[in-house]
Amino acid sequence: MFSKSYTLLPQGDCPKTPGLFVDPVSFTQRGPHKGFSFDNIPNVSENDFTDTSQGWLSWICNLIVIFFVYFFTFITFPITGWFVLKTVPNYQRIVAFRLGRVGPPKGPGIVLVLPLIDQWQRVDLRTRAFNIPPSQVITLDGGELLVGADIQFRIWNPVMSVLSVQDLNASTRMTAQKAMTYLLAKRTVREIQTQRVKLGEYLVADINEMTRPWGLEVDRVELALGSVLKAPEQSPSAPLTMPPAVPGLEGLTDPIQQLAMHFLGGIQKPQQEDCITFTDELSSAAQTVMATPRSVEELLDAVKLLLSEALVHQVGACFQFDVSSEDGQHHNYFVDLSQGSGAAGAGSLCREPDVTMSMSDSDLLAMFQGVLRPFSAYTSGRLKIQGDIDTAMKLEELIKLLKK
C-alpha cells in the first residue's frame with residue numbers, strides 16, 4: 001500500500017486554483033520539505049528508509065546488538081512470543097524505532113517487535129473529525145460574525161505523522177483555525193454567507209499545503225455560520241442574507257442571476273429623478289440641483305463631484321469604459337476607485353483595469369440615469385463585460401450616488 005508515492009484524494013468539484021497560503025509552484029510540484037526532524041532520512045515521504053548518515057562503526061555495533069536480541073528471542077520462544085508478536089488491524093500501522101532509527105511502517109497482520117531495542121507506536125489511518133467552535137471574525141467590510149467549522153482528515157503517511165509533529169490533533173486544530181480566520185478576514189459578510197462551499201474548498205487546499213509535511217490530509221471542511229454580531233459598515237442591514245430570486249429568472253445561473261439581484265437590487269422600485277446634491281461649507285442647509293447629463297463628458301464631471309475616500313474604500317476597483325458613438329468613433333473613459341480619493345476622465349488607465357465595459361454612449365448615459373437597466377443591457381448584448389462580475393456589481397454604489 002505504501003510502495004507508491006502519495007497522491008491527493010479527489011475532493012469533489014474543488015477548482016485547481018491555489019488558496020491564500022498555497023504557493024503556485026509547490027501546489028503542483030511536490031519537492032522535499034526542509035527543516036523537519038526527518039530531513040536526515042532521505043526520501044522518507046517515498047518510503048525509502050536507507051540511512052546514509054550512519055557510520056560504519058555504528059552500523060557494526062547495531063548489527064551485533066540486533067543479532068544478540070534475535071538470538072535471545074529465538075531461544076526463549078514461545079515465552080517471548082507473547083511480547084514480541086503484535087496483531088495490527090487493517091486500519092492501523094506500527095511505526096517502530098530500532099535503536100533510535102526509524103524503519104518502514106509495519107502491518108497489517110502479525111508483526112515482530114523486538115524487546116529492549118524497539119520502541120513502537122500505533123497510528124490509526126481512519127478518517128477522523130473535529131470541530132472548530134464558533135469564533136468571532138472581523139470581515140473585510142467591517143462586519144463581525146461567529147463562524148465555526150467541521151473538519152475531516154486522515155493520515156496518509158504514518159511515519160511522517162510521528163516524526164514531524166508531537167501533538168497531531170492539537171497542531172491540526174490550531175492550523176485549521178488560523179487558516180479559517182485569515183481567509184474569512186479577506187471576505188465580506190455577503191461572500192461568506194453565499195459562498196460557503198467555495199470557501200470550504202479553498203480552506204481544504206490551504207490546510208493541506210501546511211499539513212502535507214506532517215503526513216496528514218484534510219478531506220472536507222464545512223463552515224458553520226452563526227449570528228451576525230455587527231452589520232457591515234456603509235451597507236444596509238437588510239441585504240445580509242441572500243436576496244430572493246428575481247421573478248421569472250429563477251432558472252438562470254450565477255453570473256446573470258447575480259447581476260440581476262445585485263446590480264438591479266430593487267427591480268420593482270419606482271424610478272427616481274436624477275439629481276446631484278451640493279453642500280455649501282458656509283451653510284448647513286443642503287441645496288439640491290437637478291442635473292441631467294447630456295454627454296459622457298458631462299457625466300464624468302458629475303462623477304468627479306462624488307469621488308471621495310469613503311467611496312474608494314467601499315468599491316476598491318477601477319473601471320474602463322469602451323464607448324462607441326453614433327458616428328462610429330470609439331472613445332475610452334475610466335473611473336478609478338482603487339486608490340486615493342478616486343479619479344475619472346477620458347483616456348485609458350496606466351494599468352490594467354479590473355473591469356472593462358463596452359457599450360454605446362447613449363446606453364452609458366441611460367444606464368447611469370436609471371432609464372436603462374444594466375441587466376437588460378447585459379442580456380440583450382448592448383453591454384459587454386470583461387472581468388469579474390462581482391467587481392462590476394460594485395459600480396452600483398456610484399450609480400446610487402448619482403440618483404440621490
# chains A, B, ... in the order shown; residues from 1 in each chain; ligands from 1
>>> residues_around(residues="A:Gly107", least_positions_apart="3", cutoff="9 Å", atoms="only C-alpha atoms", output="list in words")
Thr87, Val88, Pro89, Asn90, Gln92, Arg93, Ile94, Ile110 and Val111 of chain A
>>> residues_around(residues="stretch 384-388 of chain A", least_positions_apart="6", cutoff="8 Å", atoms="only C-alpha atoms", output="list in words")
Asp354, Val355, Thr356, Met357, Ser358, Met359 and Tyr378 of chain A
>>> atom_distance(atom1="atom CA of A:Pro108", atom2="atom CA of A:Pro78")
21.8 Å
>>> atom_distance(atom1="atom CA of A:Met180", atom2="atom CA of A:Leu216")
17.6 Å
>>> residues_around(residues="stretch 323-328 of chain A", least_positions_apart="5", cutoff="8 Å", atoms="only C-alpha atoms", output="MDAnalysis selection string")
chainID A and resid 333 358:362 364
>>> write_last_selection(atoms="all heavy atoms", output="compact mmCIF listing (two decimals), in the first residue's frame")
# COMPACT_ATOMS: atom_id res chain seq x y z
N TYR A 333 -12.97 55.88 -21.59
CA TYR A 333 -13.11 56.63 -20.36
C TYR A 333 -12.81 55.70 -19.19
O TYR A 333 -12.92 54.47 -19.32
CB TYR A 333 -14.53 57.21 -20.22
CG TYR A 333 -14.95 58.08 -21.38
CD1 TYR A 333 -15.64 57.54 -22.46
CD2 TYR A 333 -14.66 59.44 -21.39
CE1 TYR A 333 -16.02 58.34 -23.53
CE2 TYR A 333 -15.05 60.24 -22.46
CZ TYR A 333 -15.73 59.69 -23.52
OH TYR A 333 -16.09 60.46 -24.58
N SER A 358 -18.06 47.59 -22.43
CA SER A 358 -18.20 48.09 -23.80
C SER A 358 -19.68 48.34 -24.08
O SER A 358 -20.52 47.44 -23.88
CB SER A 358 -17.64 47.08 -24.80
OG SER A 358 -16.27 46.81 -24.54
N MET A 359 -20.01 49.58 -24.56
CA MET A 359 -21.38 49.94 -24.85
C MET A 359 -21.37 51.23 -25.68
O MET A 359 -20.31 51.83 -25.90
CB MET A 359 -22.18 50.14 -23.56
CG MET A 359 -21.72 51.33 -22.74
SD MET A 359 -22.51 51.42 -21.13
CE MET A 359 -21.59 50.16 -20.29
N SER A 360 -22.52 51.66 -26.09
CA SER A 360 -22.64 52.93 -26.81
C SER A 360 -22.78 54.07 -25.81
O SER A 360 -23.10 53.86 -24.63
CB SER A 360 -23.85 52.89 -27.74
OG SER A 360 -25.05 52.75 -27.00
N ASP A 361 -22.52 55.31 -26.29
CA ASP A 361 -22.60 56.45 -25.40
C ASP A 361 -24.01 56.71 -24.90
O ASP A 361 -24.22 57.09 -23.75
CB ASP A 361 -22.05 57.70 -26.11
CG ASP A 361 -22.73 57.93 -27.46
OD1 ASP A 361 -23.56 57.09 -27.87
OD2 ASP A 361 -22.42 58.95 -28.10
N SER A 362 -25.00 56.46 -25.76
CA SER A 362 -26.38 56.64 -25.33
C SER A 362 -26.78 55.63 -24.26
O SER A 362 -27.49 55.96 -23.30
CB SER A 362 -27.33 56.54 -26.53
OG SER A 362 -27.18 55.28 -27.18
N LEU A 364 -24.69 54.24 -22.15
CA LEU A 364 -23.97 54.59 -20.93
C LEU A 364 -24.71 55.68 -20.16
O LEU A 364 -24.89 55.59 -18.94
CB LEU A 364 -22.56 55.05 -21.28
CG LEU A 364 -21.68 55.49 -20.09
CD1 LEU A 364 -21.46 54.33 -19.13
CD2 LEU A 364 -20.35 56.04 -20.59
>>> closest_residue(among="A:Val218, A:Leu145, A:Ile155, A:Thr194", to="A:Thr175", atoms="only C-alpha atoms")
A:Val218
>>> atom_distance(atom1="atom CA of A:Pro115", atom2="atom CA of A:Val84")
6.5 Å
